[in-house]
file query_27.cif (mmCIF, N, CA and C atoms)
data_final
loop_
_atom_site.label_atom_id
_atom_site.label_comp_id
_atom_site.auth_asym_id
_atom_site.auth_seq_id
_atom_site.Cartn_x
_atom_site.Cartn_y
_atom_site.Cartn_z
N MET A 1424 185.19 135.55 34.35
CA MET A 1424 186.47 134.94 34.66
C MET A 1424 187.40 134.98 33.44
N ARG A 1425 186.79 134.95 32.25
CA ARG A 1425 187.63 134.97 31.04
C ARG A 1425 188.36 136.29 30.90
N LEU A 1426 187.71 137.39 31.32
CA LEU A 1426 188.38 138.68 31.22
C LEU A 1426 189.57 138.77 32.17
N VAL A 1427 189.44 138.17 33.34
CA VAL A 1427 190.55 138.17 34.29
C VAL A 1427 191.71 137.34 33.73
N SER A 1428 191.39 136.22 33.11
CA SER A 1428 192.42 135.39 32.47
C SER A 1428 193.09 136.14 31.32
N LEU A 1429 192.27 136.83 30.53
CA LEU A 1429 192.81 137.62 29.43
C LEU A 1429 193.72 138.73 29.95
N LEU A 1430 193.31 139.38 31.04
CA LEU A 1430 194.14 140.43 31.62
C LEU A 1430 195.45 139.86 32.14
N ALA A 1431 195.43 138.66 32.71
CA ALA A 1431 196.66 138.04 33.20
C ALA A 1431 197.62 137.77 32.04
N VAL A 1432 197.09 137.22 30.95
CA VAL A 1432 197.94 136.95 29.79
C VAL A 1432 198.44 138.26 29.18
N ALA A 1433 197.55 139.24 29.07
CA ALA A 1433 197.94 140.53 28.49
C ALA A 1433 198.96 141.24 29.36
N SER A 1434 198.88 141.05 30.67
CA SER A 1434 199.87 141.65 31.57
C SER A 1434 201.26 141.07 31.32
N VAL A 1435 201.32 139.77 31.07
CA VAL A 1435 202.61 139.14 30.73
C VAL A 1435 203.11 139.70 29.41
N TRP A 1436 202.20 139.83 28.44
CA TRP A 1436 202.60 140.41 27.14
C TRP A 1436 203.10 141.83 27.33
N LEU A 1437 202.42 142.60 28.17
CA LEU A 1437 202.84 143.98 28.42
C LEU A 1437 204.21 144.01 29.09
N TRP A 1438 204.42 143.11 30.03
CA TRP A 1438 205.71 143.01 30.72
C TRP A 1438 206.82 142.70 29.71
N GLN A 1439 206.49 141.87 28.72
CA GLN A 1439 207.45 141.51 27.67
C GLN A 1439 207.49 142.55 26.55
N ARG A 1440 206.72 143.61 26.67
CA ARG A 1440 206.65 144.72 25.70
C ARG A 1440 206.17 144.27 24.32
N LYS A 1441 205.22 143.33 24.31
CA LYS A 1441 204.61 142.89 23.06
C LYS A 1441 203.44 143.82 22.72
N GLY A 1442 203.22 144.03 21.46
CA GLY A 1442 202.20 144.96 21.00
C GLY A 1442 200.79 144.64 21.49
N TRP A 1443 200.41 143.36 21.45
CA TRP A 1443 199.07 142.99 21.88
C TRP A 1443 198.86 143.25 23.37
N GLY A 1444 199.91 143.22 24.14
CA GLY A 1444 199.78 143.54 25.56
C GLY A 1444 199.31 144.97 25.76
N TYR A 1445 199.90 145.89 24.99
CA TYR A 1445 199.49 147.29 25.08
C TYR A 1445 198.03 147.47 24.68
N VAL A 1446 197.65 146.81 23.60
CA VAL A 1446 196.28 146.95 23.10
C VAL A 1446 195.26 146.39 24.09
N VAL A 1447 195.49 145.17 24.55
CA VAL A 1447 194.51 144.50 25.40
C VAL A 1447 194.43 145.15 26.79
N VAL A 1448 195.54 145.46 27.40
CA VAL A 1448 195.52 146.07 28.73
C VAL A 1448 194.83 147.43 28.69
N GLY A 1449 195.16 148.25 27.71
CA GLY A 1449 194.51 149.55 27.58
C GLY A 1449 193.02 149.42 27.36
N GLY A 1450 192.63 148.49 26.52
CA GLY A 1450 191.21 148.25 26.26
C GLY A 1450 190.46 147.76 27.48
N LEU A 1451 191.05 146.83 28.21
CA LEU A 1451 190.38 146.28 29.39
C LEU A 1451 190.27 147.31 30.51
N LEU A 1452 191.30 148.10 30.72
CA LEU A 1452 191.21 149.14 31.75
C LEU A 1452 190.11 150.14 31.41
N THR A 1453 190.00 150.51 30.16
CA THR A 1453 188.95 151.43 29.74
C THR A 1453 187.58 150.77 29.88
N MET A 1454 187.46 149.51 29.47
CA MET A 1454 186.20 148.79 29.56
C MET A 1454 185.72 148.68 31.00
N TRP A 1455 186.63 148.45 31.95
CA TRP A 1455 186.21 148.30 33.34
C TRP A 1455 185.72 149.62 33.94
N VAL A 1456 186.27 150.73 33.51
CA VAL A 1456 185.77 152.03 33.97
C VAL A 1456 184.35 152.24 33.45
N ILE A 1457 184.15 151.99 32.16
CA ILE A 1457 182.83 152.18 31.55
C ILE A 1457 181.82 151.20 32.15
N GLU A 1458 182.22 149.97 32.35
CA GLU A 1458 181.33 148.95 32.91
C GLU A 1458 180.92 149.31 34.35
N SER A 1459 181.85 149.78 35.13
CA SER A 1459 181.53 150.16 36.52
C SER A 1459 180.55 151.32 36.55
N LEU A 1460 180.76 152.31 35.71
CA LEU A 1460 179.83 153.43 35.63
C LEU A 1460 178.46 152.97 35.14
N GLY A 1461 178.43 152.03 34.22
CA GLY A 1461 177.17 151.49 33.72
C GLY A 1461 176.39 150.75 34.79
N VAL A 1462 177.06 149.95 35.58
CA VAL A 1462 176.39 149.23 36.66
C VAL A 1462 175.87 150.20 37.72
N ALA A 1463 176.66 151.22 38.04
CA ALA A 1463 176.23 152.22 39.02
C ALA A 1463 174.98 152.94 38.52
N ALA A 1464 174.98 153.34 37.26
CA ALA A 1464 173.81 154.02 36.70
C ALA A 1464 172.60 153.10 36.64
N ASP A 1465 172.83 151.84 36.30
CA ASP A 1465 171.75 150.86 36.23
C ASP A 1465 171.07 150.71 37.59
N GLN A 1466 171.86 150.59 38.64
CA GLN A 1466 171.29 150.43 39.98
C GLN A 1466 170.56 151.69 40.43
N TRP A 1467 171.14 152.84 40.12
CA TRP A 1467 170.53 154.11 40.53
C TRP A 1467 169.19 154.32 39.83
N PHE A 1468 169.19 154.20 38.51
CA PHE A 1468 167.94 154.42 37.76
C PHE A 1468 166.93 153.31 37.99
N GLY A 1469 167.40 152.09 38.21
CA GLY A 1469 166.49 151.00 38.55
C GLY A 1469 165.76 151.26 39.85
N HIS A 1470 166.47 151.78 40.82
CA HIS A 1470 165.84 152.11 42.10
C HIS A 1470 164.87 153.28 41.93
N ALA A 1471 165.24 154.26 41.11
CA ALA A 1471 164.34 155.40 40.88
C ALA A 1471 163.06 154.96 40.17
N ALA A 1472 163.15 153.97 39.30
CA ALA A 1472 161.98 153.50 38.57
C ALA A 1472 161.08 152.63 39.43
N ASP A 1473 161.66 151.80 40.28
CA ASP A 1473 160.87 150.89 41.11
C ASP A 1473 161.60 150.67 42.44
N PRO A 1474 161.37 151.55 43.42
CA PRO A 1474 162.08 151.43 44.70
C PRO A 1474 161.79 150.15 45.46
N ALA A 1475 160.67 149.48 45.16
CA ALA A 1475 160.31 148.26 45.89
C ALA A 1475 160.90 147.00 45.27
N SER A 1476 161.61 147.12 44.16
CA SER A 1476 162.14 145.95 43.46
C SER A 1476 163.23 145.27 44.29
N ALA A 1477 163.15 143.94 44.33
CA ALA A 1477 164.16 143.17 45.05
C ALA A 1477 165.41 142.93 44.19
N ALA A 1478 165.31 143.23 42.89
CA ALA A 1478 166.43 143.00 41.99
C ALA A 1478 167.42 144.16 41.99
N ILE A 1479 167.08 145.25 42.64
CA ILE A 1479 167.91 146.44 42.63
C ILE A 1479 168.58 146.60 43.99
N ALA A 1480 169.86 146.89 43.97
CA ALA A 1480 170.60 147.17 45.21
C ALA A 1480 171.18 148.58 45.08
N VAL A 1481 170.37 149.58 45.43
CA VAL A 1481 170.80 150.97 45.23
C VAL A 1481 172.04 151.29 46.06
N GLY A 1482 172.27 150.56 47.12
CA GLY A 1482 173.46 150.77 47.94
C GLY A 1482 174.75 150.42 47.22
N MET A 1483 174.64 149.68 46.13
CA MET A 1483 175.83 149.31 45.36
C MET A 1483 176.21 150.37 44.33
N ALA A 1484 175.33 151.31 44.06
CA ALA A 1484 175.63 152.36 43.08
C ALA A 1484 176.87 153.16 43.49
N PRO A 1485 176.97 153.63 44.74
CA PRO A 1485 178.20 154.34 45.12
C PRO A 1485 179.44 153.45 45.11
N VAL A 1486 179.26 152.18 45.39
CA VAL A 1486 180.40 151.25 45.38
C VAL A 1486 180.96 151.14 43.97
N PHE A 1487 180.09 150.98 42.98
CA PHE A 1487 180.57 150.86 41.61
C PHE A 1487 181.08 152.19 41.07
N ALA A 1488 180.51 153.29 41.51
CA ALA A 1488 181.05 154.60 41.12
C ALA A 1488 182.46 154.78 41.68
N ALA A 1489 182.66 154.36 42.93
CA ALA A 1489 183.99 154.43 43.54
C ALA A 1489 184.96 153.48 42.83
N LEU A 1490 184.48 152.31 42.43
CA LEU A 1490 185.32 151.37 41.68
C LEU A 1490 185.77 151.97 40.36
N ALA A 1491 184.88 152.70 39.70
CA ALA A 1491 185.25 153.36 38.45
C ALA A 1491 186.34 154.40 38.71
N LEU A 1492 186.21 155.16 39.79
CA LEU A 1492 187.23 156.17 40.12
C LEU A 1492 188.56 155.51 40.46
N VAL A 1493 188.51 154.42 41.19
CA VAL A 1493 189.75 153.71 41.55
C VAL A 1493 190.42 153.13 40.30
N THR A 1494 189.62 152.63 39.37
CA THR A 1494 190.16 152.05 38.14
C THR A 1494 190.72 153.12 37.22
N LEU A 1495 190.26 154.35 37.37
CA LEU A 1495 190.82 155.45 36.57
C LEU A 1495 192.29 155.71 36.89
N ILE A 1496 192.72 155.36 38.10
CA ILE A 1496 194.12 155.62 38.49
C ILE A 1496 195.09 154.78 37.66
N PRO A 1497 194.97 153.43 37.64
CA PRO A 1497 195.92 152.69 36.79
C PRO A 1497 195.72 152.98 35.31
N ARG A 1498 194.47 153.26 34.90
CA ARG A 1498 194.23 153.60 33.50
C ARG A 1498 194.94 154.90 33.13
N GLY A 1499 194.82 155.88 33.99
CA GLY A 1499 195.50 157.15 33.73
C GLY A 1499 197.01 157.01 33.70
N LEU A 1500 197.55 156.25 34.64
CA LEU A 1500 199.00 156.01 34.65
C LEU A 1500 199.45 155.26 33.41
N TYR A 1501 198.63 154.29 33.00
CA TYR A 1501 198.96 153.50 31.81
C TYR A 1501 199.06 154.40 30.58
N PHE A 1502 198.02 155.19 30.33
CA PHE A 1502 198.01 156.02 29.12
C PHE A 1502 199.00 157.17 29.21
N ARG A 1503 199.27 157.64 30.41
CA ARG A 1503 200.24 158.72 30.57
C ARG A 1503 201.66 158.27 30.25
N ASN A 1504 201.96 157.01 30.53
CA ASN A 1504 203.32 156.51 30.37
C ASN A 1504 203.56 155.75 29.07
N LEU A 1505 202.61 155.79 28.14
CA LEU A 1505 202.86 155.17 26.84
C LEU A 1505 203.88 155.99 26.08
N ASP A 1506 204.79 155.31 25.44
CA ASP A 1506 205.81 155.99 24.64
C ASP A 1506 205.29 156.11 23.21
N ARG A 1507 204.87 157.29 22.84
CA ARG A 1507 204.26 157.49 21.53
C ARG A 1507 205.30 157.68 20.42
N THR A 1508 206.54 157.74 20.77
CA THR A 1508 207.58 157.93 19.76
C THR A 1508 208.35 156.67 19.44
N ALA A 1509 208.00 155.56 20.08
CA ALA A 1509 208.74 154.31 19.88
C ALA A 1509 208.48 153.75 18.50
N GLU A 1510 209.50 153.13 17.94
CA GLU A 1510 209.38 152.47 16.66
C GLU A 1510 208.67 151.13 16.86
N PRO A 1511 207.81 150.71 15.91
CA PRO A 1511 207.17 149.41 16.03
C PRO A 1511 208.20 148.29 16.01
N GLN A 1512 208.01 147.30 16.86
CA GLN A 1512 208.95 146.19 16.91
C GLN A 1512 208.59 145.15 15.85
N GLY A 1513 209.56 144.44 15.40
CA GLY A 1513 209.35 143.36 14.44
C GLY A 1513 209.36 143.83 12.99
N THR A 1514 209.88 145.02 12.73
CA THR A 1514 209.93 145.47 11.33
C THR A 1514 211.35 145.51 10.85
#
call {"tool": "encode", "arguments": {"input": "query_27.cif", "output": "structure tokens"}}
result
Amino acid sequence: MRLVSLLAVASVWLWQRKGWGYVVVGGLLTMWVIESLGVAADQWFGHAADPASAAIAVGMAPVFAALALVTLIPRGLYFRNLDRTAEPQGT
């Protein structure tokens, strides 16, 4: 829940064009892609290691892989639209 709260605050910072908004939003979007792929791999390999385990939900592996792909869309748009020539604010 803390990450969602952080993303909400960072989104406001990004809307206000504050530097920390750019840093935090970009980092969180990247982290969620990596985390989704990690959970998908964990479920897949966990099922391969012990198919009878009740702790593994192999059916969720494609769901988290799809979530990673869906999260790549806003991440890609975010990084594509960064203005790399802008002067730093506050100097």
call {"tool": "atom_distance", "arguments": {"input": "query_27.cif", "atom1": "atom CA of A:Ala1431", "atom2": "atom CA of A:Val1456"}}
result
17.7 Å
call {"tool": "closest_residue", "arguments": {"input": "query_27.cif", "among": "A:Leu1430, A:Ala1489, A:Leu1437, A:Leu1500", "to": "A:Met1454", "atoms": "only C-alpha atoms"}}
result
A:Leu1430
call {"tool": "axis_aligned_box", "arguments": {"input": "query_27.cif", "around": "stretch 1440-1455 of chain A", "padding_each_side": "3 Å", "output": "JSON"}}
result
{"center_x": 196.2, "center_y": 147.2, "center_z": 27.5, "size_x": 27.0, "size_y": 14.5, "size_z": 18.9}
call {"tool": "atom_distance", "arguments": {"input": "query_27.cif", "atom1": "atom N of A:Thr1494", "atom2": "atom N of A:Tyr1445"}}
result
18.9 Å
call {"tool": "atom_distance", "arguments": {"input": "query_27.cif", "atom1": "atom CA of A:Ser1434", "atom2": "atom C of A:Trp1455"}}
result
16.4 Å
call {"tool": "closest_residue", "arguments": {"input": "query_27.cif", "among": "A:Arg1425, A:Trp1443, A:Ala1433, A:Ser1459", "to": "A:Ala1491", "atoms": "all atoms listed in the file"}}
result
A:Ser1459
call {"tool": "select_by_dssp", "arguments": {"input": "query_27.cif", "residues": "stretch 1425-1511 of chain A", "states": "helix (DSSP H, G or I)", "output": "ChimeraX atom specification"}}
result
/A:1425-1438,1442-1472,1481-1503
call {"tool": "residues_around", "arguments": {"input": "query_27.cif", "residues": "A:Gln1466", "least_positions_apart": "4", "cutoff": "8 Å", "atoms": "all atoms listed in the file", "output": "MDAnalysis selection string"}}
result
chainID A and resid 1460:1462 1470:1472 1478:1485
call {"tool": "build_atoms", "arguments": {"input": "query_27.cif", "residues": "stretch 1474-1485 of chain A", "atoms": "all heavy atoms", "output": "PDB file, in the frame of the given file"}}
result
ATOM      1  N   PRO A1474     161.370 151.550  43.420  1.00  0.00           N
ATOM      2  CA  PRO A1474     162.080 151.430  44.700  1.00  0.00           C
ATOM      3  C   PRO A1474     161.790 150.150  45.460  1.00  0.00           C
ATOM      4  O   PRO A1474     162.580 149.734  46.304  1.00  0.00           O
ATOM      5  CB  PRO A1474     161.591 152.643  45.499  1.00  0.00           C
ATOM      6  CG  PRO A1474     160.987 153.567  44.516  1.00  0.00           C
ATOM      7  CD  PRO A1474     160.541 152.740  43.358  1.00  0.00           C
ATOM      8  N   ALA A1475     160.670 149.480  45.160  1.00  0.00           N
ATOM      9  CA  ALA A1475     160.310 148.260  45.890  1.00  0.00           C
ATOM     10  C   ALA A1475     160.900 147.000  45.270  1.00  0.00           C
ATOM     11  O   ALA A1475     160.735 145.915  45.813  1.00  0.00           O
ATOM     12  CB  ALA A1475     158.793 148.132  45.953  1.00  0.00           C
ATOM     13  N   SER A1476     161.610 147.120  44.160  1.00  0.00           N
ATOM     14  CA  SER A1476     162.140 145.950  43.460  1.00  0.00           C
ATOM     15  C   SER A1476     163.230 145.270  44.290  1.00  0.00           C
ATOM     16  O   SER A1476     164.129 145.921  44.822  1.00  0.00           O
ATOM     17  CB  SER A1476     162.707 146.358  42.107  1.00  0.00           C
ATOM     18  OG  SER A1476     163.316 145.253  41.480  1.00  0.00           O
ATOM     19  N   ALA A1477     163.150 143.940  44.330  1.00  0.00           N
ATOM     20  CA  ALA A1477     164.160 143.170  45.050  1.00  0.00           C
ATOM     21  C   ALA A1477     165.410 142.930  44.190  1.00  0.00           C
ATOM     22  O   ALA A1477     166.437 142.493  44.698  1.00  0.00           O
ATOM     23  CB  ALA A1477     163.574 141.827  45.466  1.00  0.00           C
ATOM     24  N   ALA A1478     165.310 143.230  42.890  1.00  0.00           N
ATOM     25  CA  ALA A1478     166.430 143.000  41.990  1.00  0.00           C
ATOM     26  C   ALA A1478     167.420 144.160  41.990  1.00  0.00           C
ATOM     27  O   ALA A1478     168.492 144.056  41.389  1.00  0.00           O
ATOM     28  CB  ALA A1478     165.912 142.775  40.576  1.00  0.00           C
ATOM     29  N   ILE A1479     167.080 145.250  42.640  1.00  0.00           N
ATOM     30  CA  ILE A1479     167.910 146.440  42.630  1.00  0.00           C
ATOM     31  C   ILE A1479     168.580 146.600  43.990  1.00  0.00           C
ATOM     32  O   ILE A1479     167.942 146.485  45.029  1.00  0.00           O
ATOM     33  CB  ILE A1479     167.080 147.703  42.304  1.00  0.00           C
ATOM     34  CG1 ILE A1479     166.367 147.540  40.971  1.00  0.00           C
ATOM     35  CG2 ILE A1479     167.939 148.949  42.336  1.00  0.00           C
ATOM     36  CD1 ILE A1479     167.275 147.379  39.787  1.00  0.00           C
ATOM     37  N   ALA A1480     169.860 146.890  43.970  1.00  0.00           N
ATOM     38  CA  ALA A1480     170.600 147.170  45.210  1.00  0.00           C
ATOM     39  C   ALA A1480     171.180 148.580  45.080  1.00  0.00           C
ATOM     40  O   ALA A1480     172.322 148.755  44.650  1.00  0.00           O
ATOM     41  CB  ALA A1480     171.693 146.142  45.425  1.00  0.00           C
ATOM     42  N   VAL A1481     170.370 149.580  45.430  1.00  0.00           N
ATOM     43  CA  VAL A1481     170.800 150.970  45.230  1.00  0.00           C
ATOM     44  C   VAL A1481     172.040 151.290  46.060  1.00  0.00           C
ATOM     45  O   VAL A1481     172.812 152.171  45.708  1.00  0.00           O
ATOM     46  CB  VAL A1481     169.638 151.951  45.520  1.00  0.00           C
ATOM     47  CG1 VAL A1481     169.350 152.029  47.005  1.00  0.00           C
ATOM     48  CG2 VAL A1481     169.935 153.314  44.941  1.00  0.00           C
ATOM     49  N   GLY A1482     172.270 150.560  47.120  1.00  0.00           N
ATOM     50  CA  GLY A1482     173.460 150.770  47.940  1.00  0.00           C
ATOM     51  C   GLY A1482     174.750 150.420  47.220  1.00  0.00           C
ATOM     52  O   GLY A1482     175.830 150.849  47.623  1.00  0.00           O
ATOM     53  N   MET A1483     174.640 149.680  46.130  1.00  0.00           N
ATOM     54  CA  MET A1483     175.830 149.310  45.360  1.00  0.00           C
ATOM     55  C   MET A1483     176.210 150.370  44.330  1.00  0.00           C
ATOM     56  O   MET A1483     177.309 150.334  43.791  1.00  0.00           O
ATOM     57  CB  MET A1483     175.614 147.965  44.665  1.00  0.00           C
ATOM     58  CG  MET A1483     175.518 146.796  45.621  1.00  0.00           C
ATOM     59  SD  MET A1483     176.931 146.650  46.734  1.00  0.00           S
ATOM     60  CE  MET A1483     178.207 146.146  45.618  1.00  0.00           C
ATOM     61  N   ALA A1484     175.330 151.310  44.060  1.00  0.00           N
ATOM     62  CA  ALA A1484     175.630 152.360  43.080  1.00  0.00           C
ATOM     63  C   ALA A1484     176.870 153.160  43.490  1.00  0.00           C
ATOM     64  O   ALA A1484     177.777 153.353  42.672  1.00  0.00           O
ATOM     65  CB  ALA A1484     174.421 153.258  42.862  1.00  0.00           C
ATOM     66  N   PRO A1485     176.970 153.630  44.740  1.00  0.00           N
ATOM     67  CA  PRO A1485     178.200 154.340  45.120  1.00  0.00           C
ATOM     68  C   PRO A1485     179.440 153.450  45.110  1.00  0.00           C
ATOM     69  O   PRO A1485     180.549 153.926  44.827  1.00  0.00           O
ATOM     70  CB  PRO A1485     177.917 154.853  46.529  1.00  0.00           C
ATOM     71  CG  PRO A1485     176.469 154.707  46.750  1.00  0.00           C
ATOM     72  CD  PRO A1485     175.974 153.681  45.786  1.00  0.00           C
TER      73      PRO A1485
END
